[in-house]
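Data block for target-v9.cif (mmCIF, C-alpha atoms and all ligand atoms):
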```cif
data_structure
#
loop_
_atom_site.group_PDB
_atom_site.id
_atom_site.type_symbol
_atom_site.label_atom_id
_atom_site.label_comp_id
_atom_site.auth_asym_id
_atom_site.auth_seq_id
_atom_site.Cartn_x
_atom_site.Cartn_y
_atom_site.Cartn_z
ATOM 1 C CA MET A 14 116.011 4.266 47.433
ATOM 2 C CA ASP A 15 119.684 5.191 47.301
ATOM 3 C CA ALA A 16 120.741 6.302 50.706
ATOM 4 C CA PHE A 17 123.658 8.617 50.054
ATOM 5 C CA PRO A 18 122.763 11.875 48.347
ATOM 6 C CA CYS A 19 125.495 14.208 47.214
ATOM 7 C CA GLU A 20 125.232 17.605 48.876
ATOM 8 C CA ASN A 21 126.609 19.376 45.845
ATOM 9 C CA CYS A 22 124.412 17.990 43.116
ATOM 10 C CA ASP A 23 121.305 15.880 42.799
ATOM 11 C CA ARG A 24 122.947 12.483 42.437
ATOM 12 C CA ARG A 25 122.310 9.711 44.906
ATOM 13 C CA TYR A 26 124.352 6.622 45.610
ATOM 14 C CA ARG A 27 123.651 3.310 47.197
ATOM 15 C CA TYR A 28 127.036 3.012 48.834
ATOM 16 C CA GLN A 29 129.047 5.474 50.832
ATOM 17 C CA ARG A 30 132.157 4.614 48.849
ATOM 18 C CA SER A 31 130.396 5.328 45.573
ATOM 19 C CA LEU A 32 129.462 8.734 46.898
ATOM 20 C CA ASN A 33 133.031 9.306 48.035
ATOM 21 C CA THR A 34 134.338 8.387 44.594
ATOM 22 C CA HIS A 35 131.801 10.649 42.952
ATOM 23 C CA ARG A 36 132.715 13.582 45.171
ATOM 24 C CA LYS A 37 136.417 13.034 44.739
ATOM 25 C CA TYR A 38 136.553 12.477 40.998
ATOM 26 C CA GLU A 39 133.328 13.639 39.441
ATOM 27 C CA CYS A 40 131.389 16.216 41.371
ATOM 28 C CA GLY A 41 132.451 19.668 40.282
ATOM 29 C CA LYS A 42 135.542 18.305 38.572
ATOM 30 C CA PHE A 43 133.950 17.438 35.266
ATOM 31 C CA PRO A 44 131.332 20.060 34.608
ATOM 32 C CA GLU A 45 128.977 19.311 31.797
ATOM 33 C CA PHE A 46 129.560 21.304 28.690
ATOM 34 C CA LYS A 47 126.086 21.644 27.329
ATOM 35 C CA CYS A 48 125.362 22.395 23.732
ATOM 36 C CA ARG A 49 122.987 25.318 23.384
ATOM 37 C CA LEU A 50 121.644 24.039 20.113
ATOM 38 C CA CYS A 51 120.592 20.536 21.142
ATOM 39 C CA GLU A 52 120.516 18.163 24.107
ATOM 40 C CA TYR A 53 124.139 17.131 23.796
ATOM 41 C CA SER A 54 126.474 17.581 26.714
ATOM 42 C CA ALA A 55 130.141 16.725 26.935
ATOM 43 C CA LYS A 56 132.523 16.017 29.767
ATOM 44 C CA LEU A 57 135.286 17.917 28.049
ATOM 45 C CA LYS A 58 135.248 21.306 26.454
ATOM 46 C CA GLY A 59 137.152 19.966 23.446
ATOM 47 C CA ASN A 60 134.426 17.410 22.850
ATOM 48 C CA LEU A 61 131.766 20.076 22.832
ATOM 49 C CA LYS A 62 133.797 22.026 20.332
ATOM 50 C CA LYS A 63 134.108 18.966 18.082
ATOM 51 C CA HIS A 64 130.391 18.416 18.459
ATOM 52 C CA LEU A 65 129.616 21.983 17.400
ATOM 53 C CA ILE A 66 131.860 21.663 14.382
ATOM 54 C CA ARG A 67 130.628 18.235 13.345
ATOM 55 C CA MET A 68 126.954 18.283 14.198
ATOM 56 C CA HIS A 69 126.151 21.917 13.677
ATOM 57 C CA GLN A 70 128.667 22.713 10.951
ATOM 58 C CA MET A 71 130.177 25.411 13.097
ATOM 59 C CA GLY A 72 133.794 26.195 12.409
ATOM 60 C CA GLU A 73 136.220 28.415 14.263
ATOM 61 C CA SER A 74 133.672 31.169 14.173
ATOM 62 C CA ALA A 75 132.562 33.868 16.543
ATOM 63 C CA ALA A 76 129.431 31.848 17.261
ATOM 64 C CA THR A 77 131.487 28.854 18.360
ATOM 65 C CA ARG A 78 133.650 31.020 20.580
ATOM 66 C CA GLU A 79 130.546 32.615 22.020
ATOM 67 C CA ILE A 80 129.174 29.235 23.104
ATOM 68 C CA LEU A 81 132.507 28.030 24.474
ATOM 69 C CA LYS A 82 133.087 31.303 26.266
ATOM 70 C CA ALA A 83 130.304 30.464 28.683
ATOM 71 C CA PHE A 84 132.549 27.685 29.961
ATOM 72 C CA ALA A 85 135.686 29.775 30.209
ATOM 73 C CA ASN A 86 136.186 29.017 33.874
ATOM 74 C CA CYS A 87 135.856 25.282 33.533
HETATM 75 ZN ZN ZN A 101 127.756 15.535 43.363
HETATM 76 ZN ZN ZN A 102 124.425 20.285 19.667
#
```
Take the structure in the file and give it back as structure tokens.
Amino acid sequence: MDAFPCENCDRRYRYQRSLNTHRKYECGKFPEFKCRLCEYSAKLKGNLKKHLIRMHQMGESAATREILKAFANC
């Protein structure tokens, strides 16, 4: 059982310092950019865009913008 749960998400850590690192560098800072068409998720918006173009043959289309728009604040 990992003893240090993050208050902001559902991750748990064995060591306090791991939790600190997570909260400082990961939690909230790198939101997951989830693909709506499959299970893929990216750490960076640009990666999701590449994924859409490569895996789903989506170009610079309205549909691509629509998906990326959901992450406008990230
Ligand atoms: Zn967290
Ligand atoms: Zn996908």
Inset, instruction - Could you expand the PyMOL selection byres (((not hetatm)) within 9 of (chain A and resi 102)) into the explicit residues it covers here, written as a VMD selection string? - result: chain A and resid 47 to 54 61 64 to 65 68 to 69
Kindly assemble as CSV a list of the chain A residues that lie within 12 Å of ligand ZN 101 (chain A), each paired with its nearest atom pair and their distance in Å to one decimal, using only C-alpha atoms and all ligand atoms, sorted first by chain and then by ascending residue number.
```
residue,atom,partner,partner_atom,distance
A:Phe17,CA,A:ZN101,ZN,10.5
A:Pro18,CA,A:ZN101,ZN,7.9
A:Cys19,CA,A:ZN101,ZN,4.7
A:Glu20,CA,A:ZN101,ZN,6.4
A:Asn21,CA,A:ZN101,ZN,4.7
A:Cys22,CA,A:ZN101,ZN,4.2
A:Asp23,CA,A:ZN101,ZN,6.5
A:Arg24,CA,A:ZN101,ZN,5.8
A:Arg25,CA,A:ZN101,ZN,8.1
A:Tyr26,CA,A:ZN101,ZN,9.8
A:Ser31,CA,A:ZN101,ZN,10.8
A:Leu32,CA,A:ZN101,ZN,7.9
A:Asn33,CA,A:ZN101,ZN,9.4
A:Thr34,CA,A:ZN101,ZN,9.8
A:His35,CA,A:ZN101,ZN,6.4
A:Arg36,CA,A:ZN101,ZN,5.6
A:Lys37,CA,A:ZN101,ZN,9.1
A:Tyr38,CA,A:ZN101,ZN,9.6
A:Glu39,CA,A:ZN101,ZN,7.1
A:Cys40,CA,A:ZN101,ZN,4.2
A:Gly41,CA,A:ZN101,ZN,7.0
A:Lys42,CA,A:ZN101,ZN,9.6
A:Phe43,CA,A:ZN101,ZN,10.4
A:Pro44,CA,A:ZN101,ZN,10.5
```
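Interatomic distance, CA of Met71 (chain A) against CA of Leu57 (chain A): 17.5 Å.
We find CA of Phe84 (chain A) and CA of Glu45 (chain A) to be spaced 9.3 Å apart.
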Please define a box with edges along x, y and z of the file around all atoms of region 26-39 of chain A given in the file, extend it by 4 Å on each side, and return its centre and edge lengths in Å to one decimal, as AutoDock Vina command-line options.
```
--center_x 130.1 --center_y 8.3 --center_z 45.1 --size_x 20.9 --size_y 18.6 --size_z 19.4
```
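Among the candidates A:Gln70, A:Asn60, A:Gln29, A:Thr77, the one nearest to Ala16 (chain A) when counting all atoms listed in the file is A:Gln29.
Nearest residue to Lys63 (chain A) among A:Asp15, A:Arg27, A:Ala83, A:Phe46 is A:Phe46, counting only C-alpha atoms.
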